[in-house]
file my_file27.csv (CSV, C-alpha atoms)
chain,number,residue,atom,x,y,z
A,49,MET,CA,0.5,-26.8,8.3
A,50,THR,CA,-2.7,-28.4,7.0
A,51,ALA,CA,-4.8,-27.0,4.1
A,52,ASN,CA,-7.6,-26.1,6.4
A,53,PHE,CA,-5.2,-24.3,8.7
A,54,ILE,CA,-4.0,-22.2,5.8
A,55,TYR,CA,-7.6,-21.5,4.5
A,56,PHE,CA,-8.7,-20.4,7.9
A,57,SER,CA,-5.6,-18.2,8.2
A,58,ILE,CA,-6.4,-16.5,4.9
A,59,PHE,CA,-10.0,-16.0,6.1
A,60,LEU,CA,-8.8,-14.4,9.4
A,61,ALA,CA,-6.3,-12.2,7.5
A,62,SER,CA,-9.1,-11.1,5.1
A,63,VAL,CA,-11.5,-10.3,8.0
A,64,ALA,CA,-8.8,-8.3,9.9
A,65,THR,CA,-8.0,-6.3,6.7
A,66,TYR,CA,-11.7,-5.7,5.8
A,67,CYS,CA,-12.4,-4.6,9.3
A,68,CYS,CA,-9.9,-1.8,8.9
A,69,ARG,CA,-11.6,-0.7,5.7
A,70,ALA,CA,-15.2,-1.1,6.9
A,71,PHE,CA,-14.6,0.7,10.1
A,72,GLY,CA,-13.0,3.5,8.0
A,73,ILE,CA,-16.3,3.7,5.9
A,74,PHE,CA,-18.3,3.8,9.1
A,75,SER,CA,-16.1,6.5,10.7
A,76,ALA,CA,-16.1,8.7,7.6
A,77,LYS,CA,-19.8,9.2,7.6
A,78,ASN,CA,-19.6,12.6,9.4
A,79,VAL,CA,-16.3,13.7,7.9
A,80,SER,CA,-16.4,16.3,5.2
A,81,VAL,CA,-13.5,17.4,2.9
A,82,ASP,CA,-13.7,20.9,4.4
A,83,SER,CA,-13.2,19.8,8.0
A,84,ALA,CA,-10.1,19.9,10.1
A,85,ILE,CA,-10.4,16.2,11.0
A,86,PHE,CA,-10.2,15.4,7.3
A,87,GLN,CA,-6.9,17.3,7.1
A,88,TRP,CA,-5.7,15.6,10.3
A,89,ILE,CA,-6.5,12.1,8.9
A,90,LYS,CA,-4.8,13.0,5.6
A,91,CYS,CA,-1.6,13.8,7.6
A,92,ILE,CA,-1.8,10.6,9.6
A,93,SER,CA,-2.4,8.5,6.4
A,94,VAL,CA,0.7,9.8,4.6
A,95,GLY,CA,2.7,9.6,7.9
A,96,ILE,CA,1.8,5.9,8.3
A,97,ILE,CA,2.5,5.2,4.6
A,98,SER,CA,5.9,6.8,4.8
A,99,ALA,CA,6.6,4.8,8.1
A,100,VAL,CA,5.6,1.6,6.2
A,101,ILE,CA,8.0,2.4,3.3
A,102,ALA,CA,10.8,3.2,5.8
A,103,LYS,CA,10.3,-0.1,7.6
A,104,ILE,CA,10.1,-2.1,4.4
A,105,ILE,CA,13.3,-0.5,3.0
A,106,LEU,CA,15.4,-0.4,6.2
A,107,PHE,CA,14.1,-3.4,8.2
A,108,PRO,CA,12.5,-5.7,5.6
A,109,ALA,CA,11.2,-9.3,6.2
A,110,GLY,CA,11.1,-12.0,3.5
A,111,LEU,CA,13.0,-11.8,0.2
A,112,LEU,CA,14.4,-8.2,0.7
A,113,ALA,CA,16.0,-9.3,4.0
A,114,GLU,CA,18.5,-11.2,2.0
A,115,THR,CA,19.8,-8.0,0.4
A,116,SER,CA,22.3,-5.6,1.9
A,117,PHE,CA,21.2,-2.6,3.9
A,118,SER,CA,23.5,-0.2,2.0
A,119,SER,CA,22.2,-1.4,-1.4
A,120,ARG,CA,18.6,-0.6,-0.3
A,121,LEU,CA,19.5,2.7,1.1
A,122,PHE,CA,21.6,3.7,-1.9
A,123,SER,CA,19.0,2.6,-4.4
A,124,THR,CA,16.3,4.6,-2.5
A,125,GLY,CA,18.6,7.7,-2.7
A,126,VAL,CA,18.9,7.0,-6.5
A,127,ALA,CA,15.1,6.9,-6.9
A,128,ILE,CA,14.7,10.2,-5.1
A,129,ALA,CA,17.5,11.9,-7.0
A,130,ILE,CA,16.3,10.7,-10.4
A,131,TYR,CA,12.7,11.7,-9.6
A,132,PHE,CA,13.7,15.3,-8.9
A,133,LEU,CA,16.5,15.6,-11.5
A,134,PHE,CA,14.3,14.3,-14.4
A,135,LYS,CA,11.2,16.3,-14.1
A,136,LYS,CA,9.4,13.9,-11.7
A,137,ASN,CA,9.6,11.0,-14.1
A,138,VAL,CA,8.1,8.2,-12.1
A,139,LEU,CA,8.9,5.3,-14.5
A,140,LEU,CA,12.5,6.4,-15.0
A,141,SER,CA,13.2,6.7,-11.3
A,142,ILE,CA,11.7,3.3,-10.4
A,143,PHE,CA,13.6,1.7,-13.3
A,144,VAL,CA,17.0,3.2,-12.6
A,145,SER,CA,16.6,2.6,-8.8
A,146,THR,CA,15.6,-1.1,-9.2
A,147,MET,CA,18.4,-1.7,-11.7
A,148,THR,CA,20.9,-0.1,-9.3
A,149,PHE,CA,19.5,-2.3,-6.5
A,150,PHE,CA,19.7,-5.4,-8.7
A,151,PHE,CA,23.3,-4.8,-9.9
A,152,ILE,CA,24.7,-3.9,-6.5
A,153,ASN,CA,23.3,-7.0,-4.9
A,154,PHE,CA,23.9,-9.5,-7.6
A,155,TYR,CA,26.7,-8.3,-9.8
A,156,ILE,CA,29.1,-6.3,-7.6
B,236,MET,CA,-26.1,2.1,-12.4
B,237,ILE,CA,-22.4,2.4,-13.2
B,238,ASN,CA,-21.2,5.3,-15.2
B,239,TRP,CA,-19.2,3.2,-17.6
B,240,LEU,CA,-17.2,6.1,-19.0
B,241,SER,CA,-15.9,7.0,-15.5
B,242,PHE,CA,-15.3,3.4,-14.7
B,243,THR,CA,-13.3,2.8,-17.8
B,244,ASN,CA,-11.3,6.0,-17.3
B,245,GLY,CA,-10.4,4.6,-13.9
B,246,ILE,CA,-9.2,1.4,-15.5
B,247,ARG,CA,-7.2,3.3,-18.0
B,248,HIS,CA,-5.6,5.2,-15.2
B,249,ALA,CA,-4.6,1.9,-13.5
B,250,VAL,CA,-3.1,0.5,-16.7
B,251,GLY,CA,0.6,1.3,-16.9
B,252,ILE,CA,2.8,2.4,-14.0
B,253,PRO,CA,0.3,1.6,-11.2
B,254,VAL,CA,-0.2,-2.0,-12.4
B,255,ILE,CA,3.5,-2.5,-12.9
B,256,GLY,CA,4.3,-1.1,-9.4
B,257,LEU,CA,1.8,-3.4,-7.7
B,258,GLY,CA,1.8,-6.3,-10.1
B,259,THR,CA,5.5,-7.1,-9.9
B,260,SER,CA,5.3,-7.4,-6.2
B,261,MET,CA,2.2,-9.6,-6.4
B,262,PHE,CA,4.1,-11.7,-8.9
B,263,ALA,CA,6.9,-12.1,-6.4
B,264,PHE,CA,4.4,-12.8,-3.6
B,265,GLY,CA,2.9,-15.7,-5.7
B,266,ALA,CA,6.4,-17.1,-6.1
B,267,TYR,CA,7.1,-16.7,-2.4
B,268,LEU,CA,3.9,-18.5,-1.5
B,269,LYS,CA,4.8,-21.4,-3.8
B,270,SER,CA,8.2,-21.7,-2.1
B,271,SER,CA,6.6,-21.6,1.3
B,272,GLY,CA,4.4,-24.6,0.6
B,273,PHE,CA,1.0,-22.9,-0.3
B,274,ASP,CA,-1.0,-24.3,-3.1
B,275,LEU,CA,-2.4,-22.4,-6.1
B,276,LEU,CA,-5.9,-21.9,-4.8
B,277,GLN,CA,-4.6,-20.7,-1.4
B,278,SER,CA,-2.4,-18.2,-3.2
B,279,LEU,CA,-5.2,-16.9,-5.3
B,280,SER,CA,-7.5,-16.7,-2.3
B,281,SER,CA,-5.1,-14.6,-0.3
B,282,THR,CA,-5.0,-11.8,-2.9
B,283,LEU,CA,-8.6,-12.2,-3.9
B,284,PHE,CA,-9.9,-11.8,-0.3
B,285,THR,CA,-7.2,-9.8,1.5
B,286,PHE,CA,-5.7,-7.6,-1.3
B,287,ALA,CA,-3.2,-5.7,0.9
B,288,LEU,CA,0.3,-6.9,0.3
B,289,PRO,CA,2.1,-6.2,3.5
B,290,GLY,CA,-0.6,-7.9,5.5
B,291,GLN,CA,-0.5,-10.9,3.1
B,292,PHE,CA,3.2,-11.2,3.6
B,293,VAL,CA,2.8,-11.0,7.3
B,294,MET,CA,0.1,-13.7,7.2
B,295,ALA,CA,2.3,-16.1,5.2
B,296,GLU,CA,5.4,-15.4,7.4
B,297,THR,CA,3.4,-16.0,10.6
B,298,ILE,CA,2.0,-19.3,9.3
B,299,VAL,CA,5.5,-20.4,8.2
B,300,ALA,CA,6.8,-19.4,11.7
B,301,GLY,CA,4.2,-21.6,13.3
B,302,GLY,CA,2.0,-18.8,14.6
B,303,THR,CA,-1.5,-19.4,16.1
B,304,PHE,CA,-4.7,-18.0,14.6
B,305,LEU,CA,-4.7,-15.2,17.2
B,306,ASN,CA,-1.1,-14.3,16.2
B,307,ILE,CA,-2.1,-14.2,12.5
B,308,PHE,CA,-5.2,-12.1,13.1
B,309,LEU,CA,-3.4,-9.5,15.3
B,310,ALA,CA,-0.4,-9.3,13.1
B,311,VAL,CA,-2.4,-8.7,10.0
B,312,LEU,CA,-4.7,-6.2,11.8
B,313,LEU,CA,-1.7,-4.3,13.0
B,314,THR,CA,0.0,-4.3,9.6
B,315,ASN,CA,-3.1,-3.3,7.6
B,316,ALA,CA,-4.4,-0.8,10.2
B,317,ARG,CA,-3.1,2.0,7.8
B,318,LEU,CA,-6.2,1.2,5.7
B,319,TYR,CA,-8.4,2.8,8.4
B,320,PRO,CA,-7.2,6.4,8.1
B,321,MET,CA,-6.8,6.0,4.3
B,322,THR,CA,-10.4,5.0,4.0
B,323,VAL,CA,-11.6,7.8,6.3
B,324,ASN,CA,-9.7,10.2,4.1
B,325,LEU,CA,-10.9,8.7,0.8
B,326,ILE,CA,-14.6,8.4,1.4
B,327,PRO,CA,-15.4,12.1,1.8
B,328,ILE,CA,-13.5,12.7,-1.5
B,329,ILE,CA,-15.5,10.3,-3.5
B,330,ARG,CA,-18.8,10.5,-1.7
B,331,HIS,CA,-22.0,11.4,-3.7
B,332,PRO,CA,-25.6,11.2,-2.5
B,333,HIS,CA,-26.4,9.1,-5.6
B,334,TYR,CA,-24.7,6.0,-4.1
B,335,PRO,CA,-26.3,4.0,-1.3
B,336,LYS,CA,-24.3,3.2,1.8
B,337,TRP,CA,-23.8,-0.5,1.0
B,338,LYS,CA,-22.0,0.3,-2.2
B,339,TYR,CA,-19.3,2.1,-0.1
B,340,TYR,CA,-18.9,-1.1,1.9
B,341,CYS,CA,-18.4,-3.1,-1.3
B,342,LEU,CA,-16.0,-0.5,-2.7
B,343,ALA,CA,-14.0,-0.6,0.5
B,344,HIS,CA,-12.4,-3.9,-0.5
B,345,VAL,CA,-10.4,-2.3,-3.3
B,346,ILE,CA,-9.0,0.5,-1.1
B,347,ALA,CA,-5.2,0.0,-0.9
B,348,VAL,CA,-2.1,2.2,-1.1
B,349,THR,CA,-1.7,2.2,-4.9
B,350,ALA,CA,-5.3,3.0,-5.7
B,351,TRP,CA,-5.5,5.5,-2.9
B,352,PHE,CA,-2.4,7.5,-4.0
B,353,ASN,CA,-3.5,7.5,-7.6
B,354,MET,CA,-7.0,8.7,-6.7
B,355,ILE,CA,-5.7,11.4,-4.4
B,356,ALA,CA,-3.5,12.6,-7.3
B,357,VAL,CA,-6.4,13.1,-9.7
B,358,HIS,CA,-9.6,13.6,-7.7
B,359,LYS,CA,-9.6,17.4,-8.0
B,360,LYS,CA,-9.8,17.1,-11.8
B,361,LEU,CA,-12.9,14.8,-11.7
B,362,PRO,CA,-16.6,15.8,-11.4
B,363,GLN,CA,-17.9,14.7,-7.9
B,364,GLU,CA,-20.5,12.4,-9.4
B,365,ASP,CA,-17.8,10.5,-11.4
B,366,LYS,CA,-15.4,9.8,-8.6
B,367,PHE,CA,-17.0,6.7,-7.2
B,368,ASP,CA,-17.1,4.8,-10.5
B,369,TYR,CA,-13.6,6.1,-11.4
B,370,PHE,CA,-12.2,4.7,-8.2
B,371,LEU,CA,-14.1,1.5,-8.7
B,372,GLY,CA,-12.4,1.1,-12.1
B,373,LEU,CA,-9.0,2.1,-10.8
B,374,GLY,CA,-9.1,0.0,-7.6
B,375,GLY,CA,-11.1,-2.9,-9.1
B,376,PHE,CA,-8.6,-3.2,-12.0
B,377,LEU,CA,-5.6,-3.2,-9.6
B,378,TRP,CA,-7.4,-5.8,-7.5
B,379,MET,CA,-8.1,-8.1,-10.4
B,380,SER,CA,-4.6,-7.6,-12.0
B,381,SER,CA,-3.1,-8.4,-8.6
B,382,VAL,CA,-5.0,-11.7,-8.5
B,383,VAL,CA,-3.7,-12.6,-12.0
B,384,CYS,CA,-0.1,-11.6,-11.1
B,385,THR,CA,-0.2,-13.6,-7.9
B,386,VAL,CA,-1.3,-16.7,-9.9
B,387,LEU,CA,1.3,-16.0,-12.6
B,388,GLY,CA,4.0,-15.6,-10.0
B,389,TYR,CA,2.9,-19.0,-8.5
B,390,LEU,CA,2.8,-20.8,-11.9
B,391,VAL,CA,5.9,-19.5,-13.6
B,392,SER,CA,8.2,-18.8,-10.7
B,393,ASN,CA,10.4,-21.7,-11.8
B,394,LEU,CA,11.2,-19.8,-15.0
B,395,VAL,CA,12.2,-16.6,-13.2
B,396,SER,CA,15.6,-16.4,-11.4
B,397,HIS,CA,15.6,-15.7,-7.6
B,398,GLU,CA,17.5,-12.5,-8.3
B,399,ILE,CA,14.8,-11.1,-10.5
B,400,LEU,CA,12.1,-12.0,-7.9
B,401,VAL,CA,14.1,-10.0,-5.3
B,402,GLY,CA,14.3,-7.1,-7.7
B,403,PHE,CA,10.5,-7.3,-8.3
B,404,VAL,CA,9.9,-7.1,-4.5
B,405,PHE,CA,12.0,-3.9,-4.3
B,406,ILE,CA,9.8,-2.2,-7.0
B,407,ASN,CA,6.8,-1.9,-4.7
B,408,PRO,CA,8.3,0.2,-1.8
B,409,ILE,CA,10.1,2.4,-4.4
B,410,TYR,CA,6.9,3.0,-6.2
B,411,PHE,CA,5.1,3.8,-2.9
B,412,LEU,CA,8.0,6.2,-2.1
B,413,ILE,CA,7.8,8.0,-5.5
B,414,MET,CA,4.0,8.3,-5.1
B,415,THR,CA,4.6,9.7,-1.6
B,416,LEU,CA,7.1,12.2,-3.1
B,417,SER,CA,4.5,13.3,-5.6
B,418,ASN,CA,2.4,14.4,-2.7
B,419,LEU,CA,5.0,16.8,-1.3
B,420,GLU,CA,2.9,19.9,-2.0
B,421,GLU,CA,1.7,21.0,1.4
B,422,LYS,CA,4.0,21.7,4.3
B,423,LYS,CA,2.0,19.6,6.7
B,424,LEU,CA,2.3,16.6,4.4
B,425,ILE,CA,6.0,17.1,3.9
B,426,PHE,CA,6.5,17.3,7.6
B,427,SER,CA,4.3,14.2,8.3
B,428,ILE,CA,6.0,12.1,5.6
B,429,ILE,CA,9.6,12.9,6.7
B,430,THR,CA,8.8,12.6,10.5
B,431,GLY,CA,6.8,9.4,9.9
B,432,ALA,CA,9.8,7.8,8.3
B,433,ILE,CA,12.2,9.0,11.0
B,434,LEU,CA,10.0,8.0,13.9
B,435,SER,CA,9.3,4.6,12.5
B,436,VAL,CA,13.0,3.9,12.2
B,437,ILE,CA,13.7,5.1,15.8
B,438,LEU,CA,10.6,3.3,17.3
B,439,PHE,CA,11.4,0.1,15.5
B,440,HIS,CA,14.3,-0.5,17.9
B,441,TYR,CA,12.0,-0.3,20.9
B,442,ILE,CA,8.5,-1.4,19.8
B,443,PRO,CA,8.9,-3.1,16.4
B,444,ASP,CA,5.3,-4.2,16.0
B,445,TRP,CA,3.9,-0.8,16.8
B,446,SER,CA,6.6,1.4,15.2
B,447,VAL,CA,4.7,2.1,12.0
B,448,LEU,CA,1.3,2.9,13.5
B,449,ILE,CA,2.6,5.1,16.4
B,450,GLY,CA,5.3,6.7,14.2
B,451,GLY,CA,2.7,7.7,11.6
B,452,LEU,CA,0.1,8.7,14.1
B,453,VAL,CA,2.5,11.0,16.0
B,454,ALA,CA,4.0,12.4,12.8
B,455,GLY,CA,0.6,13.1,11.2
B,456,THR,CA,-0.7,14.7,14.4
B,457,LEU,CA,2.3,16.9,14.8
B,458,GLY,CA,2.2,17.9,11.1
B,459,PHE,CA,-1.4,18.9,11.5
B,460,ILE,CA,-0.9,20.9,14.7
B,461,ILE,CA,2.3,22.7,13.6
B,462,PHE,CA,0.9,23.7,10.2
B,463,ARG,CA,-2.6,24.2,11.5
B,464,LYS,CA,-2.8,27.6,9.8
B,465,GLU,CA,-2.0,26.1,6.4
B,466,THR,CA,-4.8,23.6,7.1
B,467,TYR,CA,-7.4,26.3,7.2
B,468,ASP,CA,-5.9,28.2,4.3
B,469,SER,CA,-5.9,25.1,2.0
call {"tool": "encode", "arguments": {"input": "my_file27.csv", "output": "structure tokens"}}
result
Amino acid sequence: MTANFIYFSIFLASVATYCCRAFGIFSAKNVSVDSAIFQWIKCISVGIISAVIAKIILFPAGLLAETSFSSRLFSTGVAIAIYFLFKKNVLLSIFVSTMTFFFINFYI
Amino acid sequence: MINWLSFTNGIRHAVGIPVIGLGTSMFAFGAYLKSSGFDLLQSLSSTLFTFALPGQFVMAETIVAGGTFLNIFLAVLLTNARLYPMTVNLIPIIRHPHYPKWKYYCLAHVIAVTAWFNMIAVHKKLPQEDKFDYFLGLGGFLWMSSVVCTVLGYLVSNLVSHEILVGFVFINPIYFLIMTLSNLEEKKLIFSIITGAILSVILFHYIPDWSVLIGGLVAGTLGFIIFRKETYDS
């Protein structure tokens, strides 16, 4: 794993990522907010984002893979419950959920 | 010329929960890169030039696992492909004839989930001519703060316990989840979100690399078709 190998990998990752964004700009030129395709793309966007979240929480790689499946699932449930119980308080739901996750994994 | 008021309003929007939601994970990413043998400049470059966390993690993991350049390119492309529909969705919202085409290609670099969700949440309250600069402030600030947090994570990871780093990584998906929940206003979106999550879990057992894209694509298309009437009403 030489320095040049890593730099070129970062370059490739950046190109791959920017391609997705630039191709999106190109494709959007004939899309208006009133069109059906705009609504379709919106549905796909949130569908993919929720699929990403589900994958990260249920089948994580990296640091989260060290934690228990049940702790991640339970803490996610806590986040959803707090969010709806406390008038959609974003900060409170993230804080309580993360603390729950933290204590289940490292102190219980 | 930039409309500085809109630009700074965008920055003010980013300061607070959006920066915490993204910054903590970037901090943990910086620490992860250090433990994986990357140097400081490489860590900084990753966030500066890529700025899409799941793809950055995939890149680092593929390098550590001994992947080839082709492996890295395809893995990141697949992971960050969600940015394509998000961009197609965002551009019509912020478009204004005042801005030349090349500016959109520059702005594209700061399109990521956190900025996207936050822009979608407020865009109806903003005048059309202000949206471009507002998003530039919002996304640009998140981008720059992510670079700083990655560097901080790299530099001070020795001072932070492993347990806290793990906790930091968990904040990001939970923040994305809460942002997603805040979008549960239209039936077609509720359907797409729930079905996307379920399909990705099912498909992961059969086609792990493609589960997110195919799951989201199918869920969004079904949501759009089933609630087509709502689409035209809204």
call {"tool": "interface_residues", "arguments": {"input": "my_file27.csv", "of": "chain A", "to": "chain B", "cutoff": "7 Å", "atoms": "all atoms listed in the file", "output": "ChimeraX atom specification"}}
result
/A:55,57-58,60-62,64-66,68-73,75-76,79-81,86-96,98-105,111-112,124,138-139,142,146,150
call {"tool": "closest_residue", "arguments": {"input": "my_file27.csv", "among": "B:Leu438, B:Leu288, B:Val357, B:Leu390", "to": "Ala249 of chain B", "atoms": "only C-alpha atoms"}}
result
B:Val357
call {"tool": "atom_distance", "arguments": {"input": "my_file27.csv", "atom1": "atom CA of Val382 of chain B", "atom2": "atom CA of Leu279 of chain B"}}
result
6.1 Å
call {"tool": "atom_distance", "arguments": {"input": "my_file27.csv", "atom1": "atom CA of Phe242 of chain B", "atom2": "atom CA of Met261 of chain B"}}
result
23.3 Å
call {"tool": "residues_around", "arguments": {"input": "my_file27.csv", "residues": "Tyr369 of chain B", "least_positions_apart": "2", "cutoff": "12 Å", "atoms": "only C-alpha atoms", "output": "number ranges by chain"}}
result
B: 237-249, 328-330, 342, 350-351, 353-355, 357-358, 360-367, 371-376
call {"tool": "atom_distance", "arguments": {"input": "my_file27.csv", "atom1": "atom CA of Asn137 of chain A", "atom2": "atom CA of Phe370 of chain B"}}
result
23.4 Å
